[in-house]
There are 2 protein chains.
Amino acid sequence: MATLWTIPTPALVVDAEKLDRNIAAMSERINGLGVPLRPHVKTCKSVDIARRMVRGQPGGITVSTLKEADYFFDAGFRDVTYAVPLAPGKFEHVTGLIRRGADLKVLITDAQVATALAQHAQGQGVVVPALIEVSSDGSRTGVAPESAALLELGRLLAGTAGTRLLGVLTHGGGAYGCKSTDELRAWAERERAGAVRAAARLREAGLDCAVVSIGSTPTATFATRLDGVTEVRVGVYVFQDLHQAALGVCDLDAIALTVVAEVVDRSAAKRRIYLDAGALALSKDRSTASTREDLGYGLAFRLDAGPADADLVVREVSQEHGHVDGRHAPLDVERYRVGERVRILPNHSCITAAGYDHYHVANAAGDIVGTWPRVNGW
Amino acid sequence: MATLWTIPTPALVVDAEKLDRNIAAMSERINGLGVPLRPHVKTCKSVDIARRMVRGQPGGITVSTLKEADYFFDAGFRDVTYAVPLAPGKFEHVTGLIRRGADLKVLITDAQVATALAQHAQGQGVVVPALIEVSSDGSRTGVAPESAALLELGRLLAGTAGTRLLGVLTHGGGAYGCKSTDELRAWAERERAGAVRAAARLREAGLDCAVVSIGSTPTATFATRLDGVTEVRVGVYVFQDLHQAALGVCDLDAIALTVVAEVVDRSAAKRRIYLDAGALALSKDRSTASTREDLGYGLAFRLDAGPADADLVVREVSQEHGHVDGRHAPLDVERYRVGERVRILPNHSCITAAGYDHYHVANAAGDIVGTWPRVNGW
């Protein structure tokens with residue numbers, strides 16, 4: 001049987017037990033606040049993991065690309081929200097999926113797009129269910145809850161034959177800049193309140209607003225109330241990562257995704273070892289750079305140790321090399337033979353995982369018990 | 001016919017004429033200094049492009065992963081140098097390729113690895129040709145030209161039945177930190193001199209050293225002499241990128257790789273537009289951050305403009321969103337409808353291209369004249 005000690009490196013490894021614990025904890029938390037999950041599969045991009053994420057939930061998912069929409073629809077996920085503002089170049093793909101039977105919901109932020117989409121959909125003989133993206137914290141795309149544009153979009157989407165107004169959607173992405181759990185709690189409430197306020201304004205204008213969709217892993221972890229919300233979208237919680245740990249969302253031990261790499265060289269003079277995992281195997285994400293401890297391109301530990309003992313930092317990367325220093329003290333390179341293996345906790349799971357076309361699934365003993373494919377690209 | 005105006009976005013596009021010009025210019029330059037190229041295919045990871053790179057050269061290539069070695073060998077490239085220090089976890093893959101007929105050369109930096117490799121190779125009934133990696137500038141892996149380790153490795157590789165000492169290899173990666181062309185010229189000479197000195201020491205010790213392999217796109221562009229060198233390895237020159245332009249290696253107009261993206265939202269208040277190309281479509285590489293002008297995650301221009309008019313900078317990214325500001329002045333968002341298309345010049349071609357499984361090949365008019373697959377992963 002393959003193990004962490006024998007699989008070809010670099011390898012993307014999911015700890016199945018930690019994954020299941022993370023999924024259960026978030027489902028219980030959000031369901032406990034009275035709201036179902038619509039998991040975001042942009043992190044895992046895996047049918048095997050998505051099936052675990054929707055257990056006990058209504059079954060709908062969120063995607064970030066139409067390639068994900070195709071892939072998950074073909075695997076039996078009919079109810080799919082495409083949570084990036086729709087642009088005209090993707091109309092045909094969207095109506096094609098709907099004609100094939102997908103219950104695909106799109107995101108609209110622009111009146112010209114709403115009008116053009118309705119025309120296109122009518123030509124294709126379909127009705128496209130649409131959510132208005134609301135910018136609850138100004139961190140990304142969407143219209144403000146108090147804006148005139150919100151009502152204009154609502155009227156356009158509700159009043160034209162090719163589209164149907166389904167509701168509002170927001171993502172509290174600004175939470176990633178928070179520095180304390182108090183701040184995260186406030187940010188979560190801001191996300192909830194913005195979406196609920198936008199929904200109320202649409203309803204006051206006589207428009208339907210069945211869906212009030214919010215979510216990010218940090219805000220979902222710290223939200224204390226979800227009244228008025230109809231669904232929560234979260235993605236990275238399945239794996240967690242160093243950035244989530246830095247935000248206080250999880251412990252290091254909850255991180256279910258690691259990259260296994262092998263030492264390929266050592267420099268006693270530089271007190272540094274080199275791994276066969278570099279910019280492509282780890283990504284160039286530097287999310288922890290702005291947190292309490294800058295963990296370079298990842299925090300690592302030997303296969304015979306655990307996250308609590310992680311004392312190696314991938315300080316620099318080139319395409320296929322990771323340059324590793326001691327975390328707290330200069331490295332004793334004699335402790336690491338060439339061929340020694342380490343596990344690297346990623347800064348940002350969504351981005352690191354995208355470098356691989358499959359996961360190795362490991363149990364707590366380090367046996368590889370399965371392989372799960374991923375869908376990448378567009 | 002598909003064009004830049006109609007292909008699904010985000011799309012990775014190669015300008016075929018610029019590509020051919022970049023390949024011809026580097027081949028002429030290095031051949032003009034009396035040395036053949038062994039192109040590095042880690043940037044393109046494409047058989048179609050690699051075939052162009054080896055035109056007029058001996059035909060050997062350099063790879064950064066054994067998956068590339070498999071892929072290119074299966075496509076007819078027999079002479080392959082795997083230019084990352086070999087670790088024990090890859091012995092079986094290496095000897096398997098050699099048994100299948102590949103003339104695969106490996107890189108050795110460690111005496112224990114050399115001994116273990118020889119044993120393994122003998123067990124498999126093959127002889128593995130090996131290069132010693134020399135660290136000419138201390139920027140990465142390898143042994144110093146003046147070190148005792150160099151001769152120890154040479155004797156081990158030459159004196160054991162399972163391995164054959166082929167020569168030395170170095171990569172002047174430190175050149176990426178240079179701030180002037182004078183400095184780059186000096187760095188190129190340092191790379192050459194380090195490799196040639198290491199070769200001389202091996203020969204003085206009575207050992208064979210047929211190969212003296214050097215190379216990086218910046219050092220190859222500025223080298224003024226290559227005496228003693230037997231081959232030059234370069235990769236990113238085929239596409240060039242913003243980092244190469246910042247180093248003075250190329251003009252913006254030479255960059256043959258762009259990402260085509262569509263505007264998905266606008267914010268008049270923030271003077272910002274949003275693209276459907278984010279962290280996965282562009283990578284999180286920030287190579288220009290330390291250069292004269294920080295170009296965020298890429299420099300962009302409208303399809304009806306050119307690189308000389310590039311006035312948009314992708315300032316922030318989330319997974320599938322690029323947040324774009326004006327390069328020199330706050331953006332007039334009214335000039336960009338949702339659905340408008342832009343081309344983005346990447347910071348670092350090797351890393352950006354790795355997010356895609358194929359290239360769209362465009363001519364100067366913007367017609368898509370072909371599709372070239374890539375090999376990613378490990």
# chains A, B, ... in the order shown; residues from 1 in each chain; ligands from 1
$ closest_atom_pairs --of "chain B" --to "chain A" --cutoff "8 Å" --atoms "only C-alpha atoms" --output "tab-separated table"
residue	atom	partner	partner_atom	distance
B:Thr6	CA	A:Gly89	CA	7.3
B:Pro8	CA	A:Gly89	CA	6.6
B:Thr9	CA	A:Gly89	CA	7.4
B:Pro10	CA	A:Trp378	CA	7.0
B:Ser64	CA	A:Glu320	CA	6.8
B:Thr65	CA	A:Glu320	CA	7.8
B:Val84	CA	A:Glu320	CA	7.5
B:Pro85	CA	A:Val264	CA	5.7
B:Leu86	CA	A:Val264	CA	6.3
B:Ala87	CA	A:Val264	CA	5.2
B:Pro88	CA	A:Gly339	CA	5.5
B:Gly89	CA	A:Pro8	CA	6.6
B:Lys90	CA	A:Pro8	CA	7.2
B:Thr109	CA	A:Asp265	CA	6.6
B:Asp110	CA	A:Asp265	CA	7.0
B:Gln112	CA	A:Val338	CA	7.9
B:Val113	CA	A:Val338	CA	7.2
B:Thr141	CA	A:Asp265	CA	6.4
B:Gly142	CA	A:Asp265	CA	7.5
B:Glu262	CA	A:Ala87	CA	7.1
B:Val263	CA	A:Ala87	CA	7.1
B:Val264	CA	A:Ala87	CA	5.2
B:Asp265	CA	A:Thr141	CA	6.4
B:Arg266	CA	A:Thr141	CA	7.6
B:Ser267	CA	A:Thr141	CA	7.8
B:Tyr274	CA	A:Thr141	CA	7.3
B:Asp276	CA	A:Val84	CA	7.9
B:Ala279	CA	A:Ile351	CA	7.5
B:Leu280	CA	A:Ile351	CA	6.9
B:Ser283	CA	A:Lys284	CA	7.2
B:Lys284	CA	A:Lys284	CA	5.2
B:Asp285	CA	A:Lys284	CA	5.6
B:Gln319	CA	A:Ile351	CA	7.4
B:Glu320	CA	A:Ser64	CA	6.8
B:His321	CA	A:Val84	CA	7.9
B:Val338	CA	A:Ala87	CA	6.4
B:Gly339	CA	A:Ala87	CA	5.4
B:Cys350	CA	A:Gln319	CA	7.8
B:Ile351	CA	A:Leu280	CA	6.9
B:Ala354	CA	A:Leu280	CA	7.5
B:Gly355	CA	A:Gly377	CA	6.6
B:Tyr356	CA	A:Gly377	CA	5.8
B:Asp357	CA	A:Gly377	CA	7.2
B:Gly377	CA	A:Tyr356	CA	5.8
B:Trp378	CA	A:Pro10	CA	7.0
$ select_by_dssp --residues "segment 168-237 of chain B" --states "strand (DSSP E or B)" --output "ChimeraX atom specification"
/B:168-169,211-214,231-232
$ closest_residue --among "A:Val232, A:Ala223, A:Ala268, A:Ala114" --to "Ala161 of chain A" --atoms "only C-alpha atoms"
A:Ala114
$ atom_distance --atom1 "atom CA of Asn22 of chain A" --atom2 "atom CA of Arg225 of chain A"
20.4 Å
$ residues_around --residues "Thr163 of chain B" --least-positions-apart "6" --cutoff "6 Å" --atoms "only C-alpha atoms" --output "mmCIF file with all heavy atoms, in the first residue's frame"
data_model
loop_
_atom_site.group_PDB
_atom_site.id
_atom_site.type_symbol
_atom_site.label_atom_id
_atom_site.label_comp_id
_atom_site.auth_asym_id
_atom_site.auth_seq_id
_atom_site.Cartn_x
_atom_site.Cartn_y
_atom_site.Cartn_z
ATOM 1 N N ALA B 118 23.858 4.946 -7.636
ATOM 2 C CA ALA B 118 24.683 3.958 -8.333
ATOM 3 C C ALA B 118 24.226 2.541 -7.994
ATOM 4 O O ALA B 118 24.095 1.687 -8.879
ATOM 5 C CB ALA B 118 26.155 4.155 -7.963
ATOM 6 N N VAL B 127 23.091 2.471 -16.570
ATOM 7 C CA VAL B 127 24.073 3.454 -16.113
ATOM 8 C C VAL B 127 23.422 4.829 -16.248
ATOM 9 O O VAL B 127 22.901 5.170 -17.318
ATOM 10 C CB VAL B 127 25.356 3.397 -16.960
ATOM 11 C CG1 VAL B 127 26.315 4.510 -16.549
ATOM 12 C CG2 VAL B 127 26.006 2.029 -16.824
ATOM 13 N N VAL B 128 23.409 5.603 -15.176
ATOM 14 C CA VAL B 128 22.766 6.917 -15.185
ATOM 15 C C VAL B 128 23.818 8.005 -15.411
ATOM 16 O O VAL B 128 24.730 8.156 -14.596
ATOM 17 C CB VAL B 128 22.025 7.185 -13.856
ATOM 18 C CG1 VAL B 128 21.329 8.542 -13.897
ATOM 19 C CG2 VAL B 128 21.020 6.082 -13.556
ATOM 20 N N PRO B 129 23.691 8.761 -16.519
ATOM 21 C CA PRO B 129 24.623 9.867 -16.748
ATOM 22 C C PRO B 129 24.282 11.014 -15.806
ATOM 23 O O PRO B 129 23.116 11.418 -15.707
ATOM 24 C CB PRO B 129 24.359 10.267 -18.206
ATOM 25 C CG PRO B 129 23.330 9.309 -18.737
ATOM 26 C CD PRO B 129 22.676 8.654 -17.577
ATOM 27 N N LEU B 157 30.821 9.631 -8.821
ATOM 28 C CA LEU B 157 30.013 9.424 -10.025
ATOM 29 C C LEU B 157 30.826 8.722 -11.117
ATOM 30 O O LEU B 157 30.289 7.915 -11.878
ATOM 31 C CB LEU B 157 29.471 10.766 -10.541
ATOM 32 C CG LEU B 157 28.429 11.422 -9.621
ATOM 33 C CD1 LEU B 157 28.168 12.870 -10.040
ATOM 34 C CD2 LEU B 157 27.118 10.626 -9.624
#
$ residues_around --residues "Asp309 of chain B" --least-positions-apart "4" --cutoff "12 Å" --atoms "only C-alpha atoms" --output "list in words"
Leu252, Asp253, Leu299, Ala300, Phe301, Arg302, Leu303, Asp304, Ala305, Val313, Gly326, Arg327, His328, Val342 and Arg343 of chain B
$ write_last_selection --atoms "N, CA, C and O atoms" --output "PDB file, in the first residue's frame"
ATOM      1  N   LEU B 252       8.570  45.534 -23.755  1.00  0.00           N
ATOM      2  CA  LEU B 252       7.197  45.062 -23.516  1.00  0.00           C
ATOM      3  C   LEU B 252       6.615  44.420 -24.764  1.00  0.00           C
ATOM      4  O   LEU B 252       5.866  43.450 -24.710  1.00  0.00           O
ATOM      5  N   ASP B 253       6.976  44.980 -25.917  1.00  0.00           N
ATOM      6  CA  ASP B 253       6.394  44.500 -27.167  1.00  0.00           C
ATOM      7  C   ASP B 253       6.856  43.097 -27.544  1.00  0.00           C
ATOM      8  O   ASP B 253       6.244  42.439 -28.382  1.00  0.00           O
ATOM      9  N   LEU B 299       0.127  43.828 -16.147  1.00  0.00           N
ATOM     10  CA  LEU B 299      -0.106  45.093 -16.845  1.00  0.00           C
ATOM     11  C   LEU B 299      -1.038  44.789 -18.016  1.00  0.00           C
ATOM     12  O   LEU B 299      -0.801  43.834 -18.750  1.00  0.00           O
ATOM     13  N   ALA B 300      -2.081  45.618 -18.184  1.00  0.00           N
ATOM     14  CA  ALA B 300      -3.105  45.246 -19.166  1.00  0.00           C
ATOM     15  C   ALA B 300      -3.418  46.376 -20.129  1.00  0.00           C
ATOM     16  O   ALA B 300      -3.168  47.552 -19.849  1.00  0.00           O
ATOM     17  N   PHE B 301      -3.972  45.984 -21.274  1.00  0.00           N
ATOM     18  CA  PHE B 301      -4.405  46.954 -22.285  1.00  0.00           C
ATOM     19  C   PHE B 301      -5.606  46.381 -23.034  1.00  0.00           C
ATOM     20  O   PHE B 301      -5.821  45.173 -23.043  1.00  0.00           O
ATOM     21  N   ARG B 302      -6.384  47.282 -23.629  1.00  0.00           N
ATOM     22  CA  ARG B 302      -7.565  46.841 -24.365  1.00  0.00           C
ATOM     23  C   ARG B 302      -7.156  46.097 -25.631  1.00  0.00           C
ATOM     24  O   ARG B 302      -6.076  46.302 -26.164  1.00  0.00           O
ATOM     25  N   LEU B 303      -8.071  45.275 -26.133  1.00  0.00           N
ATOM     26  CA  LEU B 303      -7.764  44.511 -27.348  1.00  0.00           C
ATOM     27  C   LEU B 303      -7.439  45.425 -28.520  1.00  0.00           C
ATOM     28  O   LEU B 303      -6.682  45.048 -29.409  1.00  0.00           O
ATOM     29  N   ASP B 304      -8.006  46.637 -28.524  1.00  0.00           N
ATOM     30  CA  ASP B 304      -7.740  47.532 -29.652  1.00  0.00           C
ATOM     31  C   ASP B 304      -6.489  48.391 -29.423  1.00  0.00           C
ATOM     32  O   ASP B 304      -6.180  49.265 -30.228  1.00  0.00           O
ATOM     33  N   ALA B 305      -5.772  48.135 -28.342  1.00  0.00           N
ATOM     34  CA  ALA B 305      -4.534  48.873 -28.074  1.00  0.00           C
ATOM     35  C   ALA B 305      -3.355  47.883 -28.112  1.00  0.00           C
ATOM     36  O   ALA B 305      -3.512  46.727 -28.500  1.00  0.00           O
ATOM     37  N   VAL B 313      -3.432  48.320 -14.476  1.00  0.00           N
ATOM     38  CA  VAL B 313      -2.659  47.427 -13.612  1.00  0.00           C
ATOM     39  C   VAL B 313      -3.620  46.575 -12.781  1.00  0.00           C
ATOM     40  O   VAL B 313      -4.549  47.108 -12.177  1.00  0.00           O
ATOM     41  N   GLY B 326      -6.117  52.287 -12.793  1.00  0.00           N
ATOM     42  CA  GLY B 326      -5.315  52.972 -13.795  1.00  0.00           C
ATOM     43  C   GLY B 326      -3.842  52.878 -13.430  1.00  0.00           C
ATOM     44  O   GLY B 326      -3.483  52.903 -12.255  1.00  0.00           O
ATOM     45  N   ARG B 327      -2.995  52.788 -14.453  1.00  0.00           N
ATOM     46  CA  ARG B 327      -1.563  52.649 -14.183  1.00  0.00           C
ATOM     47  C   ARG B 327      -0.964  53.978 -13.726  1.00  0.00           C
ATOM     48  O   ARG B 327      -0.197  54.038 -12.772  1.00  0.00           O
ATOM     49  N   HIS B 328      -1.337  55.043 -14.445  1.00  0.00           N
ATOM     50  CA  HIS B 328      -0.717  56.342 -14.163  1.00  0.00           C
ATOM     51  C   HIS B 328      -1.697  57.325 -13.520  1.00  0.00           C
ATOM     52  O   HIS B 328      -1.294  58.293 -12.903  1.00  0.00           O
ATOM     53  N   VAL B 342      -9.646  42.702 -22.347  1.00  0.00           N
ATOM     54  CA  VAL B 342      -8.280  43.219 -22.220  1.00  0.00           C
ATOM     55  C   VAL B 342      -7.298  42.059 -22.338  1.00  0.00           C
ATOM     56  O   VAL B 342      -7.660  40.895 -22.188  1.00  0.00           O
ATOM     57  N   ARG B 343      -6.044  42.423 -22.635  1.00  0.00           N
ATOM     58  CA  ARG B 343      -4.949  41.450 -22.610  1.00  0.00           C
ATOM     59  C   ARG B 343      -4.038  41.827 -21.452  1.00  0.00           C
ATOM     60  O   ARG B 343      -3.705  43.004 -21.277  1.00  0.00           O
TER      61      ARG B 343
END
$ decode --residues "segment 162-191 of chain B" --atoms "N, CA, C and O atoms" --output "compact mmCIF listing (two decimals), in the first residue's frame"
# COMPACT_ATOMS: atom_id res chain seq x y z
N GLY B 162 27.19 2.12 -11.62
CA GLY B 162 25.83 2.55 -11.99
C GLY B 162 25.69 3.98 -12.48
O GLY B 162 24.61 4.37 -12.93
N THR B 163 26.75 4.77 -12.36
CA THR B 163 26.66 6.18 -12.78
C THR B 163 27.84 6.53 -13.69
O THR B 163 28.86 5.84 -13.70
N ARG B 164 27.66 7.60 -14.45
CA ARG B 164 28.72 8.10 -15.32
C ARG B 164 28.80 9.60 -15.13
O ARG B 164 27.77 10.29 -15.16
N LEU B 165 30.01 10.11 -14.90
CA LEU B 165 30.18 11.55 -14.72
C LEU B 165 30.19 12.24 -16.09
O LEU B 165 31.06 11.97 -16.92
N LEU B 166 29.22 13.11 -16.29
CA LEU B 166 29.06 13.75 -17.59
C LEU B 166 29.64 15.16 -17.59
O LEU B 166 30.13 15.65 -18.60
N GLY B 167 29.53 15.85 -16.44
CA GLY B 167 30.04 17.22 -16.41
C GLY B 167 29.41 18.02 -15.30
O GLY B 167 28.98 17.47 -14.29
N VAL B 168 29.35 19.33 -15.53
CA VAL B 168 28.82 20.25 -14.50
C VAL B 168 27.70 21.11 -15.09
O VAL B 168 27.65 21.35 -16.30
N LEU B 169 26.85 21.55 -14.22
CA LEU B 169 25.71 22.38 -14.61
C LEU B 169 25.50 23.46 -13.57
O LEU B 169 25.57 23.19 -12.36
N THR B 170 25.26 24.69 -14.01
CA THR B 170 24.93 25.76 -13.06
C THR B 170 23.83 26.64 -13.64
O THR B 170 23.59 26.67 -14.85
N HIS B 171 23.14 27.33 -12.74
CA HIS B 171 22.06 28.24 -13.14
C HIS B 171 22.28 29.56 -12.42
O HIS B 171 22.27 29.60 -11.19
N GLY B 172 22.49 30.62 -13.18
CA GLY B 172 22.78 31.93 -12.58
C GLY B 172 21.53 32.65 -12.12
O GLY B 172 21.27 33.79 -12.50
N GLY B 173 20.75 31.97 -11.28
CA GLY B 173 19.46 32.52 -10.87
C GLY B 173 19.56 33.83 -10.10
O GLY B 173 18.61 34.61 -10.06
N GLY B 174 20.73 34.06 -9.49
CA GLY B 174 20.91 35.32 -8.75
C GLY B 174 20.79 36.53 -9.65
O GLY B 174 20.57 37.66 -9.17
N ALA B 175 20.91 36.35 -10.97
CA ALA B 175 20.82 37.46 -11.92
C ALA B 175 19.47 38.17 -11.82
O ALA B 175 19.35 39.35 -12.17
N TYR B 176 18.45 37.46 -11.31
CA TYR B 176 17.13 38.09 -11.20
C TYR B 176 17.12 39.24 -10.20
O TYR B 176 16.21 40.03 -10.19
N GLY B 177 18.15 39.30 -9.37
CA GLY B 177 18.24 40.42 -8.44
C GLY B 177 19.04 41.60 -8.97
O GLY B 177 19.17 42.62 -8.28
N CYS B 178 19.57 41.50 -10.18
CA CYS B 178 20.42 42.57 -10.70
C CYS B 178 19.61 43.83 -11.02
O CYS B 178 18.44 43.75 -11.39
N LYS B 179 20.28 44.98 -10.89
CA LYS B 179 19.58 46.26 -11.08
C LYS B 179 20.04 47.01 -12.33
O LYS B 179 19.54 48.09 -12.62
N SER B 180 21.05 46.52 -13.03
CA SER B 180 21.54 47.22 -14.22
C SER B 180 22.11 46.21 -15.20
O SER B 180 22.40 45.07 -14.82
N THR B 181 22.26 46.65 -16.45
CA THR B 181 22.80 45.73 -17.44
C THR B 181 24.28 45.45 -17.16
O THR B 181 24.76 44.36 -17.44
N ASP B 182 24.99 46.43 -16.59
CA ASP B 182 26.38 46.18 -16.21
C ASP B 182 26.45 45.05 -15.18
O ASP B 182 27.29 44.14 -15.27
N GLU B 183 25.56 45.13 -14.23
CA GLU B 183 25.53 44.10 -13.19
C GLU B 183 25.18 42.74 -13.81
O GLU B 183 25.75 41.71 -13.45
N LEU B 184 24.24 42.74 -14.77
CA LEU B 184 23.86 41.49 -15.42
C LEU B 184 25.03 40.90 -16.20
O LEU B 184 25.24 39.68 -16.22
N ARG B 185 25.80 41.75 -16.86
CA ARG B 185 26.97 41.28 -17.61
C ARG B 185 27.97 40.63 -16.66
O ARG B 185 28.51 39.56 -16.93
N ALA B 186 28.17 41.28 -15.51
CA ALA B 186 29.10 40.73 -14.51
C ALA B 186 28.58 39.40 -13.97
O ALA B 186 29.33 38.45 -13.76
N TRP B 187 27.26 39.34 -13.77
CA TRP B 187 26.67 38.12 -13.24
C TRP B 187 26.80 36.97 -14.25
O TRP B 187 27.06 35.82 -13.88
N ALA B 188 26.61 37.30 -15.52
CA ALA B 188 26.75 36.29 -16.57
C ALA B 188 28.17 35.73 -16.57
O ALA B 188 28.38 34.52 -16.69
N GLU B 189 29.14 36.60 -16.42
CA GLU B 189 30.53 36.15 -16.42
C GLU B 189 30.82 35.30 -15.17
O GLU B 189 31.55 34.31 -15.24
N ARG B 190 30.20 35.68 -14.06
CA ARG B 190 30.36 34.91 -12.83
C ARG B 190 29.82 33.48 -13.02
O ARG B 190 30.42 32.51 -12.56
N GLU B 191 28.67 33.38 -13.68
CA GLU B 191 28.06 32.07 -13.97
C GLU B 191 29.00 31.24 -14.85
O GLU B 191 29.28 30.07 -14.56
